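Heads up, my_file.csv below (CSV, C-alpha atoms and all ligand atoms):
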```csv
chain,number,residue,atom,x,y,z
O,203,MET,CA,10.8,-8.4,-5.5
O,204,THR,CA,13.6,-6.8,-3.4
O,205,GLU,CA,16.2,-9.0,-1.7
O,206,PRO,CA,15.0,-9.9,1.8
O,207,VAL,CA,17.0,-8.7,4.8
O,208,VAL,CA,16.5,-12.0,6.4
O,209,SER,CA,15.4,-15.4,5.1
O,210,VAL,CA,14.5,-18.1,7.5
O,211,ARG,CA,14.4,-21.6,6.1
O,212,ASP,CA,13.2,-24.8,7.8
O,213,LEU,CA,14.1,-23.5,11.2
O,214,ARG,CA,13.7,-25.9,14.1
O,215,VAL,CA,14.3,-25.2,17.8
O,216,TYR,CA,14.2,-27.9,20.5
O,217,TYR,CA,14.4,-27.2,24.3
O,218,GLY,CA,15.8,-30.0,26.4
O,219,THR,CA,13.2,-30.9,29.1
O,220,PRO,CA,13.2,-33.8,31.7
O,221,ARG,CA,10.3,-35.3,29.6
O,222,GLY,CA,12.2,-35.1,26.3
O,223,PRO,CA,12.8,-32.4,23.7
O,224,ALA,CA,10.1,-29.8,23.3
O,225,ARG,CA,9.7,-28.7,19.6
O,226,ALA,CA,9.1,-25.0,20.2
O,227,VAL,CA,9.8,-24.0,16.6
O,228,ASP,CA,9.0,-26.5,13.9
O,229,ARG,CA,10.1,-26.0,10.2
O,230,VAL,CA,9.5,-22.3,10.0
O,231,ALA,CA,10.1,-20.4,6.9
O,232,LEU,CA,9.8,-16.6,6.4
O,233,ASP,CA,11.3,-13.6,4.7
O,234,ILE,CA,11.4,-10.0,5.7
O,235,ALA,CA,12.1,-7.3,3.1
O,236,PRO,CA,13.8,-4.0,3.8
O,237,GLY,CA,11.4,-1.5,5.3
O,238,GLU,CA,8.8,-4.2,5.9
O,239,THR,CA,7.1,-5.0,9.2
O,240,LEU,CA,6.1,-8.6,9.8
O,241,GLY,CA,3.7,-9.2,12.8
O,242,VAL,CA,4.0,-12.6,14.5
O,243,VAL,CA,0.9,-13.6,16.5
O,244,GLY,CA,-0.4,-16.6,18.3
O,245,GLU,CA,-1.5,-17.8,21.8
O,246,SER,CA,1.0,-17.8,24.6
O,247,GLY,CA,3.4,-20.7,24.2
O,248,SER,CA,3.1,-20.9,20.4
O,249,GLY,CA,6.8,-20.3,20.0
O,250,LYS,CA,6.9,-16.6,19.0
O,251,SER,CA,9.7,-15.6,21.4
O,252,THR,CA,11.7,-18.7,20.6
O,253,LEU,CA,11.5,-17.8,16.9
O,254,GLY,CA,12.7,-14.3,17.6
O,255,ARG,CA,15.5,-15.4,19.8
O,256,GLY,CA,16.4,-18.2,17.4
O,257,ILE,CA,16.8,-15.8,14.5
O,258,LEU,CA,19.2,-13.6,16.6
O,259,GLY,CA,21.1,-16.5,18.1
O,260,LEU,CA,20.0,-15.7,21.7
O,261,LEU,CA,18.7,-19.0,22.8
O,262,PRO,CA,19.6,-20.5,26.2
O,263,GLU,CA,22.8,-22.6,26.3
O,264,GLY,CA,22.1,-26.2,25.3
O,265,THR,CA,19.0,-25.4,23.1
O,266,GLY,CA,19.0,-27.4,19.9
O,267,ILE,CA,18.7,-25.4,16.7
O,268,ALA,CA,18.7,-26.5,13.0
O,269,GLY,CA,17.9,-24.9,9.6
O,270,GLU,CA,18.9,-21.6,8.1
O,271,VAL,CA,18.7,-18.0,9.1
O,272,LEU,CA,20.2,-16.3,6.0
O,273,TYR,CA,21.5,-12.8,6.5
O,274,GLN,CA,23.5,-11.2,3.8
O,275,GLY,CA,24.2,-14.6,2.3
O,276,ARG,CA,25.5,-16.1,5.5
O,277,ASN,CA,23.7,-18.6,7.8
O,278,LEU,CA,23.5,-17.3,11.3
O,279,VAL,CA,22.7,-20.8,12.6
O,280,GLY,CA,25.9,-22.3,13.6
O,281,MET,CA,27.8,-19.0,13.7
O,282,SER,CA,30.1,-18.6,16.8
O,283,LYS,CA,28.9,-16.5,19.8
O,284,GLU,CA,31.7,-14.1,19.1
O,285,GLU,CA,30.7,-13.5,15.5
O,286,LEU,CA,27.0,-13.1,16.5
O,287,ARG,CA,27.9,-10.6,19.2
O,288,HIS,CA,29.6,-8.4,16.6
O,289,MET,CA,26.5,-8.5,14.4
O,290,ARG,CA,24.1,-7.7,17.2
O,291,GLY,CA,23.5,-3.9,17.4
O,292,PRO,CA,24.7,-2.7,14.0
O,293,GLU,CA,23.1,-5.4,12.1
O,294,LEU,CA,20.5,-7.2,14.3
O,295,GLY,CA,18.6,-5.4,17.1
O,296,LEU,CA,16.3,-6.7,19.8
O,297,ILE,CA,13.7,-5.0,22.0
O,298,PHE,CA,12.4,-6.9,25.0
O,299,GLN,CA,9.3,-6.7,27.0
O,300,GLU,CA,10.6,-5.4,30.3
O,301,PRO,CA,12.8,-2.4,29.8
O,302,MET,CA,13.8,-1.9,33.4
O,303,THR,CA,15.7,-5.2,33.5
O,304,ARG,CA,17.9,-4.0,30.5
O,305,LEU,CA,18.7,-0.5,31.7
O,306,ASN,CA,21.4,-0.4,34.4
O,307,PRO,CA,20.0,1.6,37.3
O,308,LEU,CA,23.4,2.9,38.2
O,309,LEU,CA,24.2,4.4,34.8
O,310,ARG,CA,22.8,7.7,33.3
O,311,ILE,CA,21.1,7.5,30.0
O,312,GLN,CA,24.1,9.2,28.5
O,313,GLU,CA,26.4,6.4,29.7
O,314,HIS,CA,24.1,3.7,28.2
O,315,PHE,CA,24.5,5.4,24.8
O,316,GLU,CA,28.3,5.7,25.3
O,317,GLU,CA,28.6,2.1,26.2
O,318,THR,CA,26.4,0.9,23.4
O,319,LEU,CA,28.0,3.0,20.7
O,320,ARG,CA,31.6,2.4,21.8
O,321,GLN,CA,31.1,-1.3,21.7
O,322,HIS,CA,30.6,-1.2,18.0
O,323,HIS,CA,32.3,2.1,17.0
O,324,PRO,CA,35.3,2.4,19.4
O,325,LYS,CA,36.6,5.5,17.7
O,326,LEU,CA,33.6,7.8,18.2
O,327,ASP,CA,34.2,10.8,20.4
O,328,ARG,CA,31.8,12.1,23.0
O,329,ASP,CA,30.4,14.9,20.9
O,330,GLU,CA,29.6,12.5,18.1
O,331,ILE,CA,28.0,10.0,20.5
O,332,ARG,CA,25.9,12.8,22.0
O,333,ARG,CA,24.8,13.9,18.5
O,334,ARG,CA,23.7,10.4,17.5
O,335,ALA,CA,22.2,9.6,20.9
O,336,LEU,CA,20.1,12.8,20.9
O,337,GLU,CA,18.9,12.2,17.4
O,338,ALA,CA,17.8,8.6,18.3
O,339,LEU,CA,16.2,9.9,21.5
O,340,GLY,CA,14.5,12.7,19.6
O,341,ARG,CA,12.9,10.2,17.3
O,342,THR,CA,11.4,8.4,20.2
O,343,GLY,CA,10.2,11.7,21.8
O,344,ILE,CA,12.7,12.0,24.7
O,345,PRO,CA,13.9,15.6,25.0
O,346,PRO,CA,17.7,16.3,25.1
O,347,THR,CA,17.3,17.8,28.6
O,348,ARG,CA,16.9,14.3,30.0
O,349,TYR,CA,20.2,12.9,28.6
O,350,LYS,CA,21.9,13.0,31.9
O,351,GLN,CA,19.2,11.4,34.0
O,352,TYR,CA,19.0,8.0,35.6
O,353,PRO,CA,16.5,5.2,34.5
O,354,HIS,CA,14.4,5.6,37.7
O,355,GLU,CA,13.6,9.2,36.7
O,356,PHE,CA,11.6,8.0,33.8
O,357,SER,CA,8.1,6.4,33.5
O,358,GLY,CA,7.8,2.8,32.2
O,359,GLY,CA,6.8,4.1,28.8
O,360,MET,CA,9.7,6.4,28.6
O,361,ARG,CA,12.1,3.7,29.6
O,362,GLN,CA,10.8,1.5,26.8
O,363,ARG,CA,11.3,4.4,24.4
O,364,ILE,CA,14.9,4.8,25.6
O,365,MET,CA,15.4,1.1,25.0
O,366,ILE,CA,14.1,1.5,21.5
O,367,ALA,CA,16.4,4.6,21.0
O,368,LEU,CA,19.3,2.4,22.2
O,369,ALA,CA,18.5,-0.1,19.5
O,370,LEU,CA,17.9,2.5,16.9
O,371,VAL,CA,21.2,4.4,17.5
O,372,LEU,CA,23.1,1.6,15.9
O,373,LYS,CA,20.8,1.6,12.9
O,374,PRO,CA,20.2,-2.1,12.7
O,375,LYS,CA,19.0,-3.6,9.4
O,376,LEU,CA,16.7,-6.0,11.2
O,377,LEU,CA,14.9,-5.2,14.5
O,378,ILE,CA,13.0,-7.8,16.4
O,379,ALA,CA,10.6,-6.4,19.0
O,380,ASP,CA,9.2,-9.0,21.4
O,381,GLU,CA,5.9,-7.8,23.0
O,382,PRO,CA,7.5,-4.3,23.3
O,383,THR,CA,4.3,-2.7,24.7
O,384,THR,CA,2.7,-5.4,26.8
O,385,ALA,CA,3.6,-3.7,30.1
O,386,LEU,CA,2.5,-0.3,29.0
O,387,ASP,CA,-0.8,1.7,28.9
O,388,VAL,CA,-2.7,2.1,25.7
O,389,ILE,CA,-1.6,5.7,25.0
O,390,VAL,CA,2.1,4.9,25.3
O,391,GLU,CA,1.5,1.7,23.4
O,392,ALA,CA,0.0,3.7,20.5
O,393,GLN,CA,3.0,6.0,20.5
O,394,ILE,CA,5.5,3.2,20.4
O,395,ILE,CA,3.6,1.4,17.6
O,396,ARG,CA,3.6,4.6,15.6
O,397,LEU,CA,7.3,4.9,16.2
O,398,LEU,CA,8.0,1.4,14.9
O,399,ALA,CA,5.8,2.1,11.9
O,400,ASP,CA,7.7,5.3,11.1
O,401,LEU,CA,11.0,3.5,11.4
O,402,LYS,CA,10.5,1.5,8.2
O,403,LYS,CA,9.7,4.6,6.2
O,404,THR,CA,12.7,6.6,7.4
O,405,SER,CA,15.4,4.0,7.7
O,406,GLY,CA,14.4,1.0,5.8
O,407,THR,CA,14.8,-1.3,8.8
O,408,ALA,CA,13.1,-4.6,8.6
O,409,VAL,CA,11.0,-5.2,11.7
O,410,MET,CA,9.6,-8.4,13.2
O,411,LEU,CA,6.9,-7.4,15.7
O,412,ILE,CA,5.9,-10.2,18.1
O,413,THR,CA,2.7,-9.5,19.9
O,414,HIS,CA,-0.5,-11.2,21.1
O,415,ASN,CA,-2.4,-8.0,20.3
O,416,LEU,CA,-4.0,-8.3,16.9
O,417,GLY,CA,-5.1,-4.7,16.9
O,418,ILE,CA,-1.4,-3.7,16.9
O,419,VAL,CA,-0.7,-5.9,13.9
O,420,ALA,CA,-3.6,-4.6,12.0
O,421,GLU,CA,-2.3,-1.0,12.6
O,422,ALA,CA,1.4,-1.4,12.2
O,423,CYS,CA,2.2,-4.5,10.1
O,424,ASP,CA,2.4,-5.2,6.4
O,425,ARG,CA,2.3,-8.9,6.8
O,426,VAL,CA,1.3,-11.3,9.5
O,427,ALA,CA,2.5,-14.8,10.4
O,428,VAL,CA,0.2,-16.8,12.7
O,429,MET,CA,1.9,-19.4,14.9
O,430,TYR,CA,0.4,-22.4,16.4
O,431,GLY,CA,2.5,-25.1,18.2
O,432,GLY,CA,5.8,-23.8,16.8
O,433,LYS,CA,4.6,-23.7,13.2
O,434,ILE,CA,3.5,-20.8,11.0
O,435,VAL,CA,0.0,-22.0,10.0
O,436,GLU,CA,-1.0,-18.9,8.0
O,437,GLU,CA,1.1,-16.1,6.6
O,438,GLY,CA,0.3,-13.2,4.3
O,439,ASP,CA,-0.7,-9.6,3.7
O,440,ALA,CA,-2.0,-8.4,7.1
O,441,ARG,CA,-5.1,-6.7,5.7
O,442,LYS,CA,-6.1,-9.7,3.7
O,443,VAL,CA,-5.6,-12.1,6.6
O,444,PHE,CA,-7.6,-10.0,8.9
O,445,ALA,CA,-10.4,-9.4,6.4
O,446,ASN,CA,-10.6,-13.0,5.4
O,447,PRO,CA,-8.7,-15.5,7.6
O,448,VAL,CA,-8.5,-18.8,5.8
O,449,HIS,CA,-7.0,-21.0,8.6
O,450,PRO,CA,-9.5,-22.1,11.2
O,451,TYR,CA,-7.0,-21.2,14.0
O,452,THR,CA,-6.6,-17.6,12.6
O,453,ARG,CA,-10.3,-17.3,12.5
O,454,GLU,CA,-10.7,-18.5,16.1
O,455,LEU,CA,-7.8,-16.2,17.2
O,456,LEU,CA,-9.5,-13.2,15.6
O,457,ARG,CA,-12.8,-14.1,17.2
O,458,SER,CA,-11.1,-14.4,20.6
O,459,THR,CA,-10.1,-10.7,20.6
O,460,ILE,CA,-12.6,-8.5,22.4
O,461,SER,CA,-15.2,-7.1,20.1
O,462,LEU,CA,-16.4,-3.6,20.9
O,463,GLU,CA,-19.7,-4.3,19.1
O,464,THR,CA,-20.7,-7.4,21.0
O,465,LYS,CA,-18.7,-6.7,24.2
O,466,SER,CA,-18.2,-10.4,24.4
O,467,LEU,CA,-15.0,-12.4,24.6
O,468,HIS,CA,-14.8,-15.7,22.7
O,469,THR,CA,-12.1,-18.1,24.0
O,470,ILE,CA,-10.8,-21.0,21.9
O,471,PRO,CA,-11.9,-24.2,23.5
O,472,GLY,CA,-9.2,-26.6,24.6
O,473,ALA,CA,-5.5,-26.0,25.2
O,474,PRO,CA,-2.4,-25.5,23.0
O,475,PRO,CA,-0.7,-28.8,22.0
O,476,SER,CA,2.0,-30.5,23.9
O,477,LEU,CA,5.3,-29.7,22.2
O,478,ILE,CA,6.9,-32.9,23.7
O,479,THR,CA,4.2,-35.3,22.6
O,480,PRO,CA,2.3,-33.4,19.9
O,481,PRO,CA,-1.0,-34.8,18.6
O,482,PRO,CA,-0.7,-36.7,15.2
O,483,GLY,CA,-1.8,-35.0,12.0
O,484,CYS,CA,-2.7,-31.3,12.2
O,485,LEU,CA,-1.7,-29.9,15.6
O,486,PHE,CA,-4.9,-28.0,15.8
O,487,HIS,CA,-7.3,-30.9,15.0
O,488,PRO,CA,-8.3,-31.5,18.7
O,489,ARG,CA,-9.7,-28.0,18.9
O,490,CYS,CA,-10.7,-27.3,15.3
O,491,PRO,CA,-14.4,-26.8,14.5
O,492,ASP,CA,-13.7,-27.8,10.9
O,493,ALA,CA,-11.6,-30.9,11.5
O,494,MET,CA,-11.9,-33.8,9.0
O,495,ARG,CA,-10.7,-37.4,9.2
O,496,VAL,CA,-7.5,-36.7,7.4
O,497,CYS,CA,-6.6,-34.0,9.9
O,498,ALA,CA,-6.1,-36.6,12.7
O,499,LEU,CA,-3.9,-38.7,10.5
O,500,LYS,CA,-1.6,-36.5,8.4
O,501,ALA,CA,0.1,-33.2,9.0
O,502,PRO,CA,-1.3,-30.6,6.4
O,503,ILE,CA,1.0,-29.7,3.6
O,504,GLU,CA,1.7,-26.0,3.1
O,505,GLN,CA,-0.2,-24.4,0.2
O,506,ARG,CA,0.2,-21.1,-1.5
O,507,LEU,CA,-3.1,-19.4,-2.3
O,508,GLU,CA,-3.7,-17.1,-5.3
O,509,ASP,CA,-3.3,-13.9,-3.2
O,510,GLY,CA,0.3,-15.1,-2.2
O,511,ARG,CA,-0.8,-16.3,1.2
O,512,ARG,CA,0.7,-19.4,2.7
O,513,VAL,CA,-1.6,-21.8,4.7
O,514,GLN,CA,-1.2,-25.2,6.4
O,515,CYS,CA,-4.7,-26.7,6.5
O,516,TRP,CA,-6.3,-29.6,4.7
O,517,ARG,CA,-9.3,-27.5,3.9
O,518,HIS,CA,-7.1,-25.7,1.4
O,519,GLY,CA,-5.7,-28.8,-0.2
O,520,PRO,CA,-4.0,-30.5,-1.9
O,521,ALA,CA,-7.1,-32.7,-2.6
O,522,GLU,CA,-4.9,-35.4,-4.2
O,523,ALA,CA,-3.1,-36.0,-1.0
O,524,ILE,CA,-6.2,-36.7,1.0
O,525,PRO,CA,-7.0,-40.4,1.3
O,526,ASP,CA,-10.5,-41.7,0.4
O,527,GLY,CA,-13.1,-40.7,3.1
O,528,GLY,CA,-10.6,-38.2,4.5
O,529,THR,CA,-12.9,-35.3,4.0
O,530,GLU,CA,-15.6,-36.8,6.3
O,531,PRO,CA,-16.1,-34.7,9.4
O,532,LEU,CA,-13.9,-35.9,12.3
O,533,GLU,CA,-16.1,-37.5,15.1
O,534,ARG,CA,-15.3,-36.4,18.6
O,535,GLU,CA,-14.7,-40.0,19.7
O,536,GLU,CA,-12.1,-40.2,17.0
O,537,ILE,CA,-10.5,-37.1,18.3
O,538,ALA,CA,-10.3,-38.6,21.8
O,539,VAL,CA,-8.6,-41.7,20.4
O,540,ALA,CA,-6.2,-39.7,18.4
O,541,ASN,CA,-5.2,-37.7,21.4
O,542,GLU,CA,-4.4,-40.8,23.4
O,543,ALA,CA,-2.3,-42.3,20.6
I,601,LIG,N1,14.1,-22.3,28.2
I,601,LIG,C1,13.1,-23.1,28.0
I,601,LIG,N2,13.1,-24.4,28.3
I,601,LIG,C2,12.1,-25.3,28.0
I,601,LIG,N3,11.0,-24.9,27.4
I,601,LIG,C3,10.9,-23.6,27.0
I,601,LIG,C4,11.9,-22.6,27.3
I,601,LIG,N4,11.5,-21.4,26.9
I,601,LIG,C5,10.3,-21.6,26.3
I,601,LIG,N5,9.9,-22.9,26.4
I,601,LIG,C6,8.7,-23.5,25.9
I,601,LIG,O1,8.6,-23.3,24.5
I,601,LIG,C7,7.3,-23.0,24.1
I,601,LIG,C8,7.3,-21.7,23.3
I,601,LIG,O2,7.6,-20.7,24.2
I,601,LIG,P1,7.7,-19.2,23.7
I,601,LIG,O3,8.6,-19.1,22.5
I,601,LIG,O4,8.1,-18.4,24.9
I,601,LIG,O5,6.2,-18.9,23.3
I,601,LIG,P2,5.5,-17.5,23.1
I,601,LIG,O6,6.5,-16.4,23.0
I,601,LIG,O7,4.7,-17.6,21.9
I,601,LIG,O8,4.6,-17.3,24.3
I,601,LIG,C9,6.4,-23.0,25.3
I,601,LIG,O9,5.8,-24.3,25.4
I,601,LIG,C10,7.4,-22.8,26.4
I,601,LIG,O10,7.0,-23.4,27.6
I,602,LIG,S1,-6.0,-29.2,8.8
I,602,LIG,FE1,-8.0,-29.9,9.6
I,602,LIG,S2,-7.8,-29.7,11.8
I,602,LIG,FE2,-6.1,-28.6,10.9
I,602,LIG,S3,-6.9,-26.5,10.8
I,602,LIG,FE3,-7.3,-27.4,8.9
I,602,LIG,S4,-9.4,-28.2,9.0
I,602,LIG,FE4,-8.7,-27.8,11.1
I,603,MG,MG,6.8,-14.7,24.2
```
Once you've parsed the file, please lay out its structure as structure tokens.
Amino acid sequence: MTEPVVSVRDLRVYYGTPRGPARAVDRVALDIAPGETLGVVGESGSGKSTLGRGILGLLPEGTGIAGEVLYQGRNLVGMSKEELRHMRGPELGLIFQEPMTRLNPLLRIQEHFEETLRQHHPKLDRDEIRRRALEALGRTGIPPTRYKQYPHEFSGGMRQRIMIALALVLKPKLLIADEPTTALDVIVEAQIIRLLADLKKTSGTAVMLITHNLGIVAEACDRVAVMYGGKIVEEGDARKVFANPVHPYTRELLRSTISLETKSLHTIPGAPPSLITPPPGCLFHPRCPDAMRVCALKAPIEQRLEDGRRVQCWRHGPAEAIPDGGTEPLEREEIAVANEA
């Protein structure tokens, strides 16, 4: 296997809250190879954005972070703000959800590119900046005639493409896109997803694509990581996971997307777990249709399946770690008691 661009090991992120620390990312491990797109999915509040920001060192002041984000042999966790700032752009790129808040309304598109490129390549002259900017804009489908226009002269979809071009112009090795299409209509969304998919072919960029839209993942991602309560509960080849989800939460999540055939929307009963006082055992057990007694007692141990998939669910073993009687179905009364504990 090729050397991954980034290796995350045992990453933990805690937000300070008045009620105690909230464990928003809990012992996450993942690798992304050059030219690979990893989709990160899960309900709102499952820790997707926190994971993306944690990898790039962009968490709010005072947030607790531990573990490793290995990039070219160095751990980004614990690196100074100054060092990280140098790496952002040419090494690590980020695309946010709301493009308008990141483009300065007083500056032309040209000036945005000049500012971005000069920050990292102070010696570039205007012609070279223009050449690189137009190339990046061209890849996102923005014609050169619009180089001197202001952000308000563009539609939301075009502004998002400009943001992507601003990230691309620095040729980052790792690009994290956090819900990059949520505010856009489906046609623009499809264009942007195609653009991100092309990226990996043409430049070998490793992409982490955070989205709650499973259709996008099926279309654009090689692998998918499913998050629940700050943990990756299932991770593997996107096609295999979608064709045959093995974690009950993944299954429920897939069922909860609108089916064109049945025209019905299934919602997962119950609510996501508290990150401050999480339930004991498996975080999903209060909502899980397959819960067994062991699930309310012990957190599942990550297993690697034959197809390379990783899964955290007692239904997939290891059998020897399950106490006697642990595979009995979990009674709802027991669930209520476990929740109060
Ligand atoms: N700055 C913050 N302070 C405290 N809690 C936060 C902060 N940002 C996010 N959270 C909490 O962390 C959890 C994960 O949030 P987030 O990473 O935004 O999830 P997602 O992107 O999957 O919706 C949520 O419970 C959220 O309320
Ligand atoms: S460990 Fe138990 S409760 Fe958790 S997902 Fe698997 S079967 Fe459901
Ligand atoms: Mg988010």
message = Around ligand LIG 601 (chain I), which protein and nucleic acid residues have at least one atom no more than 6 Å from it, if we count all atoms listed in the file? List them as a PyMOL selection string.
response = chain O and resi 217+219+226+246-252
request  = Tell me, in Å to one decimal, how far atom CA of Asn277 of chain O is from atom CA of Ala440 of chain O.
outcome  = 27.7 Å
request  = Could you tell me which of O:Glu263, O:Asp509, O:Glu245, O:Glu522 comes closest to ligand MG 603 (chain I) if we count only C-alpha atoms and all ligand atoms?
outcome  =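 For ligand MG 603 (chain I), the nearest of the candidates is O:Glu245.
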Counting only C-alpha atoms and all ligand atoms, give me one row per residue of chain O with an atom at most 10 Å from an atom of ligand LIG 602 (chain I), showing the shortest contact pair and its distance in Å to one decimal, sorted by chain then residue number, as JSON lines.
```
{"residue": "O:Val435", "atom": "CA", "partner": "I:LIG602", "partner_atom": "S3", "distance": 8.3}
{"residue": "O:Val448", "atom": "CA", "partner": "I:LIG602", "partner_atom": "FE3", "distance": 9.2}
{"residue": "O:His449", "atom": "CA", "partner": "I:LIG602", "partner_atom": "S3", "distance": 5.9}
{"residue": "O:Pro450", "atom": "CA", "partner": "I:LIG602", "partner_atom": "S3", "distance": 5.1}
{"residue": "O:Tyr451", "atom": "CA", "partner": "I:LIG602", "partner_atom": "S3", "distance": 6.2}
{"residue": "O:Thr452", "atom": "CA", "partner": "I:LIG602", "partner_atom": "S3", "distance": 9.1}
{"residue": "O:Arg453", "atom": "CA", "partner": "I:LIG602", "partner_atom": "S3", "distance": 10.0}
{"residue": "O:Gly483", "atom": "CA", "partner": "I:LIG602", "partner_atom": "FE2", "distance": 7.8}
{"residue": "O:Cys484", "atom": "CA", "partner": "I:LIG602", "partner_atom": "FE2", "distance": 4.5}
{"residue": "O:Leu485", "atom": "CA", "partner": "I:LIG602", "partner_atom": "FE2", "distance": 6.6}
{"residue": "O:Phe486", "atom": "CA", "partner": "I:LIG602", "partner_atom": "FE2", "distance": 5.1}
{"residue": "O:His487", "atom": "CA", "partner": "I:LIG602", "partner_atom": "S2", "distance": 3.5}
{"residue": "O:Pro488", "atom": "CA", "partner": "I:LIG602", "partner_atom": "S2", "distance": 7.1}
{"residue": "O:Arg489", "atom": "CA", "partner": "I:LIG602", "partner_atom": "S2", "distance": 7.5}
{"residue": "O:Cys490", "atom": "CA", "partner": "I:LIG602", "partner_atom": "FE4", "distance": 4.7}
{"residue": "O:Pro491", "atom": "CA", "partner": "I:LIG602", "partner_atom": "FE4", "distance": 6.7}
{"residue": "O:Asp492", "atom": "CA", "partner": "I:LIG602", "partner_atom": "S4", "distance": 4.7}
{"residue": "O:Ala493", "atom": "CA", "partner": "I:LIG602", "partner_atom": "S2", "distance": 4.0}
{"residue": "O:Met494", "atom": "CA", "partner": "I:LIG602", "partner_atom": "FE1", "distance": 5.5}
{"residue": "O:Arg495", "atom": "CA", "partner": "I:LIG602", "partner_atom": "FE1", "distance": 8.0}
{"residue": "O:Val496", "atom": "CA", "partner": "I:LIG602", "partner_atom": "FE1", "distance": 7.2}
{"residue": "O:Cys497", "atom": "CA", "partner": "I:LIG602", "partner_atom": "FE1", "distance": 4.3}
{"residue": "O:Ala498", "atom": "CA", "partner": "I:LIG602", "partner_atom": "S2", "distance": 7.2}
{"residue": "O:Leu499", "atom": "CA", "partner": "I:LIG602", "partner_atom": "FE1", "distance": 9.7}
{"residue": "O:Lys500", "atom": "CA", "partner": "I:LIG602", "partner_atom": "S1", "distance": 8.5}
{"residue": "O:Ala501", "atom": "CA", "partner": "I:LIG602", "partner_atom": "S1", "distance": 7.3}
{"residue": "O:Pro502", "atom": "CA", "partner": "I:LIG602", "partner_atom": "S1", "distance": 5.5}
{"residue": "O:Ile503", "atom": "CA", "partner": "I:LIG602", "partner_atom": "S1", "distance": 8.7}
{"residue": "O:Val513", "atom": "CA", "partner": "I:LIG602", "partner_atom": "FE3", "distance": 9.0}
{"residue": "O:Gln514", "atom": "CA", "partner": "I:LIG602", "partner_atom": "S1", "distance": 6.7}
{"residue": "O:Cys515", "atom": "CA", "partner": "I:LIG602", "partner_atom": "FE3", "distance": 3.6}
{"residue": "O:Trp516", "atom": "CA", "partner": "I:LIG602", "partner_atom": "S1", "distance": 4.1}
{"residue": "O:Arg517", "atom": "CA", "partner": "I:LIG602", "partner_atom": "S4", "distance": 5.1}
{"residue": "O:His518", "atom": "CA", "partner": "I:LIG602", "partner_atom": "FE3", "distance": 7.7}
{"residue": "O:Gly519", "atom": "CA", "partner": "I:LIG602", "partner_atom": "S1", "distance": 9.0}
{"residue": "O:Thr529", "atom": "CA", "partner": "I:LIG602", "partner_atom": "FE1", "distance": 9.2}
{"residue": "O:Pro531", "atom": "CA", "partner": "I:LIG602", "partner_atom": "S4", "distance": 9.3}
{"residue": "O:Leu532", "atom": "CA", "partner": "I:LIG602", "partner_atom": "S2", "distance": 8.7}
```
request  = Tell me which of O:Ile344, O:Leu477, O:Ala379, O:Met281 sits closest to Arg255 of chain O, counting all atoms listed in the file.
outcome  =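 With all atoms listed in the file as the atom set, the closest residue is O:Ala379.
Of the listed residues (O:Arg229, O:Lys442, O:His414, O:Arg425), O:His414 comes nearest to ligand MG 603 (chain I); the distances count all atoms listed in the file.
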query = Quick one: residues within 12 Å of Phe356 of chain O, only C-alpha atoms counted, chain neighbours fewer than 2 positions away excluded, as a count of residues only?
reply = 23
query = Any idea what the distance is between atom CA of Arg332 of chain O and atom CA of Leu370 of chain O?
reply =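 Atom CA of Leu370 of chain O lies at a distance of 14.0 Å from atom CA of Arg332 of chain O.
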message = Ranking O:Ser458, O:Gln321, O:Ser476, O:Thr384 by minimum distance to ligand MG 603 (chain I) and counting only C-alpha atoms and all ligand atoms, which one comes first?
response =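 Checking each candidate against ligand MG 603 (chain I), we get O:Thr384 as the closest.
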Closest of O:Ala268, O:Val243, O:Leu260, O:Ala335 to ligand MG 603 (chain I) - atom-to-atom distances counting all atoms listed in the file =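 Of all the options, O:Val243 lies closest to ligand MG 603 (chain I).
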remark   = Using only C-alpha atoms, the residue out of O:Val371, O:Asn446, O:Pro474, O:Arg304 with shortest distance to Glu337 of chain O is O:Val371
Protein/DNA/RNA residues near (14.0, 2.2, 1.8), cut 12 Å, all atoms listed in the file, as number ranges by chain = O: 204-205, 207, 235-238, 375, 400-408
message = Can you pull out the residues contacting Gly266 of chain O? Cut-off 10 Å, using only C-alpha atoms, and skip same-chain residues under 5 positions away; I want them as a list of chain:residue names.
response = O:Arg214, O:Val215, O:Tyr216, O:Tyr217, O:Gly218, O:Pro223, O:Ala224, O:Arg225, O:Gly256, O:Leu261
Atom-to-atom span, atom CA of Gly244 of chain O and atom CA of Gly264 of chain O, Å =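 Atom CA of Gly264 of chain O lies 25.4 Å from atom CA of Gly244 of chain O.
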task = Using only C-alpha atoms, determine which residues lie at most 12 Å from His323 of chain O, disregarding the query and same-chain residues fewer than 6 positions distant; provide the list as a list in words.
result = His288, Gly291, Pro292, Phe315, Glu316, Glu317, Glu330, Ile331, Arg334, Val371 and Leu372 of chain O
Keeping only C-alpha atoms, write the selected residues to a file as a short mmCIF file (atom, residue, chain, number, x, y, z; two decimals), in the frame of the given file.
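Written file, out-v9.cif:
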```cif
data_model
loop_
_atom_site.label_atom_id
_atom_site.label_comp_id
_atom_site.auth_asym_id
_atom_site.auth_seq_id
_atom_site.Cartn_x
_atom_site.Cartn_y
_atom_site.Cartn_z
CA HIS O 288 29.60 -8.40 16.60
CA GLY O 291 23.50 -3.90 17.40
CA PRO O 292 24.70 -2.70 14.00
CA PHE O 315 24.50 5.40 24.80
CA GLU O 316 28.30 5.70 25.30
CA GLU O 317 28.60 2.10 26.20
CA GLU O 330 29.60 12.50 18.10
CA ILE O 331 28.00 10.00 20.50
CA ARG O 334 23.70 10.40 17.50
CA VAL O 371 21.20 4.40 17.50
CA LEU O 372 23.10 1.60 15.90
#
```
